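Trainee: One file is attached below, coords.txt, containing compact mmCIF, C-alpha atoms.
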# COMPACT_ATOMS: atom_id res chain seq x y z
CA MET A 1 113.13 110.72 86.69
CA ILE A 2 113.07 109.68 90.33
CA PRO A 3 115.66 106.95 91.05
CA VAL A 4 114.54 103.66 92.62
CA LEU A 5 116.43 102.70 95.76
CA THR A 6 119.45 100.49 95.40
CA THR A 7 119.29 97.13 97.15
CA GLU A 8 121.57 98.46 99.89
CA ASP A 9 119.60 101.69 100.41
CA ARG A 10 116.34 99.75 100.44
CA ALA A 11 117.61 97.36 103.10
CA ALA A 12 118.74 100.25 105.26
CA ALA A 13 115.44 102.07 104.81
CA LEU A 14 113.30 99.02 105.58
CA ALA A 15 115.29 98.34 108.74
CA ALA A 16 113.97 101.68 109.99
CA LEU A 17 110.38 100.75 109.01
CA PRO A 18 109.82 97.44 110.81
CA GLN A 19 106.03 97.57 110.48
CA TRP A 20 106.11 97.77 106.69
CA THR A 21 106.45 94.70 104.47
CA TYR A 22 108.39 94.77 101.24
CA ASP A 23 106.67 93.36 98.15
CA PRO A 24 109.35 92.41 95.60
CA VAL A 25 106.77 91.80 92.86
CA ARG A 26 105.69 95.42 92.79
CA ASP A 27 108.82 96.88 94.42
CA SER A 28 106.52 98.45 96.97
CA ILE A 29 105.94 98.48 100.71
CA VAL A 30 102.67 97.75 102.47
CA ARG A 31 101.31 98.14 105.98
CA GLU A 32 97.92 97.43 107.49
CA PHE A 33 96.68 99.73 110.22
CA ARG A 34 93.93 98.82 112.66
CA CYS A 35 91.98 101.61 114.27
CA ALA A 36 89.25 101.63 116.91
CA ASP A 37 86.41 102.11 114.43
CA PHE A 38 85.47 103.66 111.10
CA VAL A 39 85.57 107.25 112.34
CA THR A 40 89.07 106.81 113.70
CA ALA A 41 90.19 105.02 110.53
CA PHE A 42 88.83 107.72 108.24
CA GLY A 43 90.27 110.43 110.45
CA PHE A 44 93.66 108.78 110.09
CA MET A 45 93.15 108.53 106.32
CA THR A 46 92.31 112.22 106.20
CA SER A 47 95.54 113.13 107.94
CA VAL A 48 97.46 110.92 105.50
CA ALA A 49 95.63 112.46 102.53
CA LEU A 50 96.64 115.97 103.56
CA ALA A 51 100.26 114.90 104.10
CA ALA A 52 100.33 113.06 100.76
CA GLU A 53 98.90 115.98 98.84
CA LYS A 54 101.38 118.31 100.48
CA VAL A 55 104.33 116.33 99.11
CA ASP A 56 102.47 115.39 95.90
CA HIS A 57 103.04 111.70 96.50
CA HIS A 58 99.94 109.57 96.95
CA PRO A 59 99.27 106.13 98.43
CA GLU A 60 97.38 103.22 96.95
CA TRP A 61 95.08 102.37 99.80
CA SER A 62 91.96 100.62 100.89
CA ASN A 63 89.68 100.74 103.89
CA VAL A 64 87.25 98.26 105.39
CA TYR A 65 85.61 99.68 108.52
CA ASN A 66 88.49 100.00 111.04
CA ARG A 67 91.25 98.67 108.79
CA VAL A 68 93.38 100.76 106.46
CA THR A 69 95.87 99.09 104.11
CA ILE A 70 98.45 101.37 102.51
CA VAL A 71 100.73 100.49 99.60
CA LEU A 72 103.55 102.83 98.68
CA THR A 73 105.45 102.79 95.42
CA THR A 74 106.58 105.47 93.02
CA HIS A 75 104.92 105.18 89.62
CA ASP A 76 107.40 107.44 87.88
CA ALA A 77 110.53 106.00 89.44
CA GLY A 78 113.02 104.14 87.27
CA ASP A 79 111.77 102.58 84.05
CA ASN A 80 108.78 100.68 85.46
CA GLY A 81 108.10 102.32 88.78
CA GLY A 82 109.39 101.10 92.11
CA LEU A 83 110.38 102.01 95.62
CA SER A 84 112.02 105.40 95.96
CA GLY A 85 113.08 107.72 98.74
CA ARG A 86 109.68 109.42 98.43
CA ASP A 87 107.98 106.23 99.60
CA ILE A 88 110.29 105.90 102.58
CA ALA A 89 109.69 109.52 103.57
CA LEU A 90 105.90 109.14 103.25
CA ALA A 91 105.94 105.88 105.23
CA LYS A 92 107.72 107.65 108.09
CA THR A 93 105.17 110.46 107.97
CA ILE A 94 102.30 107.96 107.99
CA ASP A 95 103.76 106.08 110.95
CA ALA A 96 104.04 109.36 112.85
CA LEU A 97 100.45 110.28 111.99
CA PHE A 98 99.27 106.88 113.18
CA GLY A 99 101.04 107.56 116.45
CA ASP A 100 103.72 104.89 116.42
CA MET B 1 69.28 90.00 111.07
CA ILE B 2 69.11 92.10 107.93
CA PRO B 3 67.53 90.15 105.04
CA VAL B 4 69.42 89.79 101.77
CA LEU B 5 67.53 90.89 98.69
CA THR B 6 65.51 88.30 96.84
CA THR B 7 66.52 87.68 93.23
CA GLU B 8 63.53 89.70 92.05
CA ASP B 9 64.17 92.63 94.39
CA ARG B 10 67.86 92.63 93.46
CA ALA B 11 67.08 92.75 89.74
CA ALA B 12 64.71 95.66 90.26
CA ALA B 13 67.21 97.51 92.43
CA LEU B 14 70.11 97.01 90.03
CA ALA B 15 68.01 98.27 87.11
CA ALA B 16 67.89 101.58 88.95
CA LEU B 17 71.70 101.54 89.50
CA PRO B 18 73.05 101.11 85.96
CA GLN B 19 76.58 102.22 86.85
CA TRP B 20 77.04 99.52 89.48
CA THR B 21 78.12 95.99 88.63
CA TYR B 22 76.78 92.99 90.50
CA ASP B 23 79.34 90.48 91.78
CA PRO B 24 77.59 87.14 92.33
CA VAL B 25 80.61 85.64 94.10
CA ARG B 26 80.39 88.07 97.00
CA ASP B 27 76.74 89.06 96.50
CA SER B 28 77.95 92.65 96.33
CA ILE B 29 77.88 95.62 93.98
CA VAL B 30 80.89 97.60 92.79
CA ARG B 31 81.48 100.86 90.99
CA GLU B 32 84.62 102.71 89.98
CA PHE B 33 84.55 106.48 90.10
CA ARG B 34 87.03 108.67 88.26
CA CYS B 35 87.64 112.15 89.54
CA ALA B 36 89.75 115.03 88.27
CA ASP B 37 92.62 114.46 90.69
CA PHE B 38 93.48 113.22 94.18
CA VAL B 39 91.97 116.20 95.98
CA THR B 40 88.66 115.76 94.20
CA ALA B 41 88.73 112.01 94.80
CA PHE B 42 89.44 112.36 98.50
CA GLY B 43 86.82 115.09 98.83
CA PHE B 44 84.31 112.70 97.31
CA MET B 45 85.46 109.96 99.70
CA THR B 46 85.00 112.32 102.63
CA SER B 47 81.41 113.04 101.63
CA VAL B 48 80.77 109.30 101.31
CA ALA B 49 82.42 108.62 104.68
CA LEU B 50 80.12 111.09 106.42
CA ALA B 51 77.04 109.65 104.73
CA ALA B 52 78.14 106.08 105.54
CA GLU B 53 78.78 106.87 109.20
CA LYS B 54 75.41 108.61 109.44
CA VAL B 55 73.58 105.44 108.43
CA ASP B 56 76.12 103.17 110.16
CA HIS B 57 76.77 101.24 106.95
CA HIS B 58 80.28 101.37 105.56
CA PRO B 59 81.84 100.66 102.17
CA GLU B 60 84.82 98.50 101.29
CA TRP B 61 86.78 100.89 99.15
CA SER B 62 90.11 101.73 97.63
CA ASN B 63 91.71 104.78 96.10
CA VAL B 64 94.57 105.26 93.67
CA TYR B 65 95.11 108.95 92.90
CA ASN B 66 91.94 110.02 91.05
CA ARG B 67 90.17 106.65 91.10
CA VAL B 68 87.86 105.43 93.85
CA THR B 69 86.48 101.88 93.78
CA ILE B 70 83.57 101.16 96.09
CA VAL B 71 82.21 97.72 97.00
CA LEU B 72 78.94 97.47 98.89
CA THR B 73 77.71 94.40 100.71
CA THR B 74 76.14 93.83 104.10
CA HIS B 75 78.33 91.72 106.38
CA ASP B 76 75.51 90.93 108.80
CA ALA B 77 72.85 90.16 106.19
CA GLY B 78 71.51 86.62 105.87
CA ASP B 79 73.70 83.76 107.05
CA ASN B 80 76.89 84.69 105.19
CA GLY B 81 76.46 88.36 104.32
CA GLY B 82 75.15 89.64 101.03
CA LEU B 83 73.37 92.43 99.24
CA SER B 84 70.65 94.12 101.25
CA GLY B 85 68.45 97.15 100.95
CA ARG B 86 71.04 99.08 102.95
CA ASP B 87 73.54 98.65 100.10
CA ILE B 88 71.04 99.86 97.54
CA ALA B 89 70.20 102.91 99.63
CA LEU B 90 73.89 103.75 100.16
CA ALA B 91 74.65 103.28 96.44
CA LYS B 92 71.96 105.82 95.58
CA THR B 93 73.39 108.25 98.14
CA ILE B 94 76.90 107.75 96.74
CA ASP B 95 75.72 108.35 93.17
CA ALA B 96 74.04 111.56 94.28
CA LEU B 97 77.20 112.69 96.10
CA PHE B 98 79.26 111.96 93.00
CA GLY B 99 76.91 114.17 91.06
CA ASP B 100 75.31 111.68 88.69
Can I see the file as C-alpha cells?
Mentor:
Amino acid sequence: MIPVLTTEDRAAALAALPQWTYDPVRDSIVREFRCADFVTAFGFMTSVALAAEKVDHHPEWSNVYNRVTIVLTTHDAGDNGGLSGRDIALAKTIDALFGD
Amino acid sequence: MIPVLTTEDRAAALAALPQWTYDPVRDSIVREFRCADFVTAFGFMTSVALAAEKVDHHPEWSNVYNRVTIVLTTHDAGDNGGLSGRDIALAKTIDALFGD
C-alpha cells in the first residue's frame, strides 16, 4: 500500500507547490489552470495525460473551454485514499508542463 | 444569437439520444461514458476534442481514469444559455465517436 503523507511531509510538500490548494475533506490537492483557448487547454491536457500514463498515476480533472481543473489524490493510499508522494511528484510534473 | 430548442424540438431530439440525460436546471444534456482504461478514455476524449474544435462548440467534461462525463449546453444560446441544435449535433457526433 502507498503511504499517505504525514502532516509534516505534507506541509513541506505544499510549501513547494504554492499554486495548489489543499482540500482536507478529500486529502487532495487542486489547481485550476487557465489557457489561451480550447486548443491550448487540450494540448496541455494531452501532455499531462501522457505524463500521467507514464507513471501510472492519473488525475481527476475537468475542462471547460480554456480552463482545466486538476485534482490529485491517491485512491490506493492508506486505508481510504489520500495525498501521497505520487501526487506531489505529478503536481510538479504538471506545473512544469504548464510552463510555470 | 443561437436559439434554444423549443420544448417540442427538445423532446424530439432527446428521443433520438436515449443515452443522454436532460438536466432542466442547466438546460443541458449529460452522458457518462465508461471505457476500458485511461488510455482508451483519453483517446476518446481526443477524438471528441478534435470534433468539438472543428465545429467550434466545446463540451464541459471531466475524466476520472476510465470514466468520461460530458455536459453539453450552449453558453450563447437564448438569454441565459441553454440547449440548442448545436448540442444535439455534437451529442450525435460524440455517440458515433464512442462507437454506439
Trainee: If you count only C-alpha atoms, which residues fall within 9 Å of Ala49 of chain B, apart from same-chain ones fewer than 5 positions away, as a CSV table (one decimal) with C-alpha atoms, in the frame of the given file?
Mentor:
chain,number,residue,atom,x,y,z
A,38,PHE,CA,85.5,103.7,111.1
A,39,VAL,CA,85.6,107.2,112.3
A,42,PHE,CA,88.8,107.7,108.2
B,44,PHE,CA,84.3,112.7,97.3
B,54,LYS,CA,75.4,108.6,109.4
B,58,HIS,CA,80.3,101.4,105.6
B,59,PRO,CA,81.8,100.7,102.2
Trainee: Mind doing a quick least-squares superposition of chain A onto chain B, all C-alpha atoms paired one-to-one in order, and writing it out as a short mmCIF file (atom, residue, chain, number, x, y, z; two decimals) with C-alpha atoms, in the frame of the given file?
Mentor:
data_model
loop_
_atom_site.label_atom_id
_atom_site.label_comp_id
_atom_site.auth_asym_id
_atom_site.auth_seq_id
_atom_site.Cartn_x
_atom_site.Cartn_y
_atom_site.Cartn_z
CA MET A 1 69.27 90.02 111.09
CA ILE A 2 69.11 92.11 107.93
CA PRO A 3 67.52 90.17 105.04
CA VAL A 4 69.43 89.77 101.76
CA LEU A 5 67.50 90.88 98.69
CA THR A 6 65.51 88.30 96.83
CA THR A 7 66.52 87.67 93.23
CA GLU A 8 63.52 89.69 92.04
CA ASP A 9 64.17 92.64 94.39
CA ARG A 10 67.85 92.63 93.45
CA ALA A 11 67.07 92.75 89.74
CA ALA A 12 64.70 95.65 90.27
CA ALA A 13 67.21 97.51 92.42
CA LEU A 14 70.11 97.01 90.01
CA ALA A 15 68.00 98.26 87.12
CA ALA A 16 67.89 101.59 88.96
CA LEU A 17 71.69 101.54 89.48
CA PRO A 18 73.05 101.11 85.95
CA GLN A 19 76.58 102.23 86.86
CA TRP A 20 77.03 99.53 89.49
CA THR A 21 78.10 95.99 88.64
CA TYR A 22 76.79 92.99 90.51
CA ASP A 23 79.35 90.47 91.78
CA PRO A 24 77.59 87.13 92.34
CA VAL A 25 80.62 85.63 94.10
CA ARG A 26 80.40 88.07 96.98
CA ASP A 27 76.75 89.06 96.49
CA SER A 28 77.95 92.64 96.33
CA ILE A 29 77.89 95.61 93.98
CA VAL A 30 80.89 97.58 92.80
CA ARG A 31 81.47 100.86 90.99
CA GLU A 32 84.61 102.70 90.00
CA PHE A 33 84.56 106.48 90.09
CA ARG A 34 87.03 108.67 88.25
CA CYS A 35 87.64 112.15 89.55
CA ALA A 36 89.75 115.03 88.26
CA ASP A 37 92.61 114.45 90.69
CA PHE A 38 93.48 113.23 94.17
CA VAL A 39 91.98 116.21 95.98
CA THR A 40 88.67 115.77 94.21
CA ALA A 41 88.73 112.01 94.80
CA PHE A 42 89.44 112.36 98.51
CA GLY A 43 86.84 115.09 98.83
CA PHE A 44 84.31 112.71 97.31
CA MET A 45 85.46 109.96 99.69
CA THR A 46 85.01 112.32 102.62
CA SER A 47 81.43 113.04 101.64
CA VAL A 48 80.78 109.30 101.31
CA ALA A 49 82.42 108.63 104.69
CA LEU A 50 80.13 111.11 106.44
CA ALA A 51 77.05 109.65 104.72
CA ALA A 52 78.14 106.09 105.56
CA GLU A 53 78.78 106.87 109.20
CA LYS A 54 75.43 108.60 109.44
CA VAL A 55 73.58 105.44 108.42
CA ASP A 56 76.13 103.15 110.14
CA HIS A 57 76.75 101.24 106.94
CA HIS A 58 80.28 101.37 105.56
CA PRO A 59 81.84 100.67 102.16
CA GLU A 60 84.81 98.52 101.29
CA TRP A 61 86.78 100.90 99.15
CA SER A 62 90.10 101.73 97.64
CA ASN A 63 91.70 104.78 96.11
CA VAL A 64 94.56 105.26 93.68
CA TYR A 65 95.11 108.95 92.92
CA ASN A 66 91.93 110.02 91.04
CA ARG A 67 90.18 106.64 91.11
CA VAL A 68 87.86 105.43 93.85
CA THR A 69 86.48 101.88 93.77
CA ILE A 70 83.57 101.16 96.10
CA VAL A 71 82.21 97.73 97.01
CA LEU A 72 78.95 97.47 98.89
CA THR A 73 77.71 94.41 100.71
CA THR A 74 76.13 93.83 104.09
CA HIS A 75 78.30 91.72 106.37
CA ASP A 76 75.51 90.92 108.79
CA ALA A 77 72.85 90.16 106.21
CA GLY A 78 71.51 86.63 105.88
CA ASP A 79 73.71 83.77 107.05
CA ASN A 80 76.90 84.71 105.19
CA GLY A 81 76.46 88.34 104.32
CA GLY A 82 75.15 89.64 101.03
CA LEU A 83 73.37 92.42 99.23
CA SER A 84 70.65 94.10 101.24
CA GLY A 85 68.44 97.15 100.95
CA ARG A 86 71.07 99.07 102.94
CA ASP A 87 73.54 98.64 100.09
CA ILE A 88 71.04 99.86 97.52
CA ALA A 89 70.21 102.91 99.63
CA LEU A 90 73.91 103.74 100.16
CA ALA A 91 74.67 103.27 96.45
CA LYS A 92 71.97 105.81 95.59
CA THR A 93 73.40 108.23 98.13
CA ILE A 94 76.90 107.75 96.73
CA ASP A 95 75.72 108.34 93.17
CA ALA A 96 74.05 111.56 94.29
CA LEU A 97 77.20 112.68 96.10
CA PHE A 98 79.26 111.97 93.00
CA GLY A 99 76.88 114.17 91.07
CA ASP A 100 75.30 111.68 88.70
#
Trainee: Please identify every residue of chain B that has at least one atom no more than 10 Å from any atom of chain A, counting all atoms listed in the file, and report them as a ChimeraX atom specification.
Mentor: /B:38-39,42-43,45-46,49-50,52-53,56-71
Trainee: Using all atoms listed in the file, which protein or nucleic acid residues come within 12 Å of segment 4-6 of chain B? Drop anything in the same chain fewer than 4 positions from it, and give the result as a PyMOL selection string.
Mentor: chain B and resi 10-14+27-28+73-88
Trainee: What is the distance, in Å and to one decimal place, between atom CA of Ile29 of chain A and atom CA of Ala16 of chain A?
Mentor: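 A separation of 12.7 Å between them.
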Trainee: Report, in Å to a single decimal, how far apart atom CA of Arg31 of chain B and atom CA of Pro18 of chain B are.
Mentor: 9.8 Å
Trainee: From the list A:Leu72, A:Ile2, A:Pro24, A:Ser47, which residue is nearest Phe98 of chain A when using only C-alpha atoms?
Mentor: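 For Phe98 of chain A, the nearest of the candidates is A:Ser47.
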Trainee: Of the candidates B:Val55, B:Asp37, B:Arg26, B:Leu17, which one gets nearest to Asp95 of chain B if we count only C-alpha atoms?
Mentor: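 Of the candidates, the smallest distance to Asp95 of chain B is held by B:Leu17.
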Trainee: Mind giving me the straight-line distance from atom CA of Ile94 of chain A to atom CA of Cys35 of chain A in Å, one decimal?
Mentor: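 Separating atom CA of Ile94 of chain A from atom CA of Cys35 of chain A is a distance of 13.6 Å.
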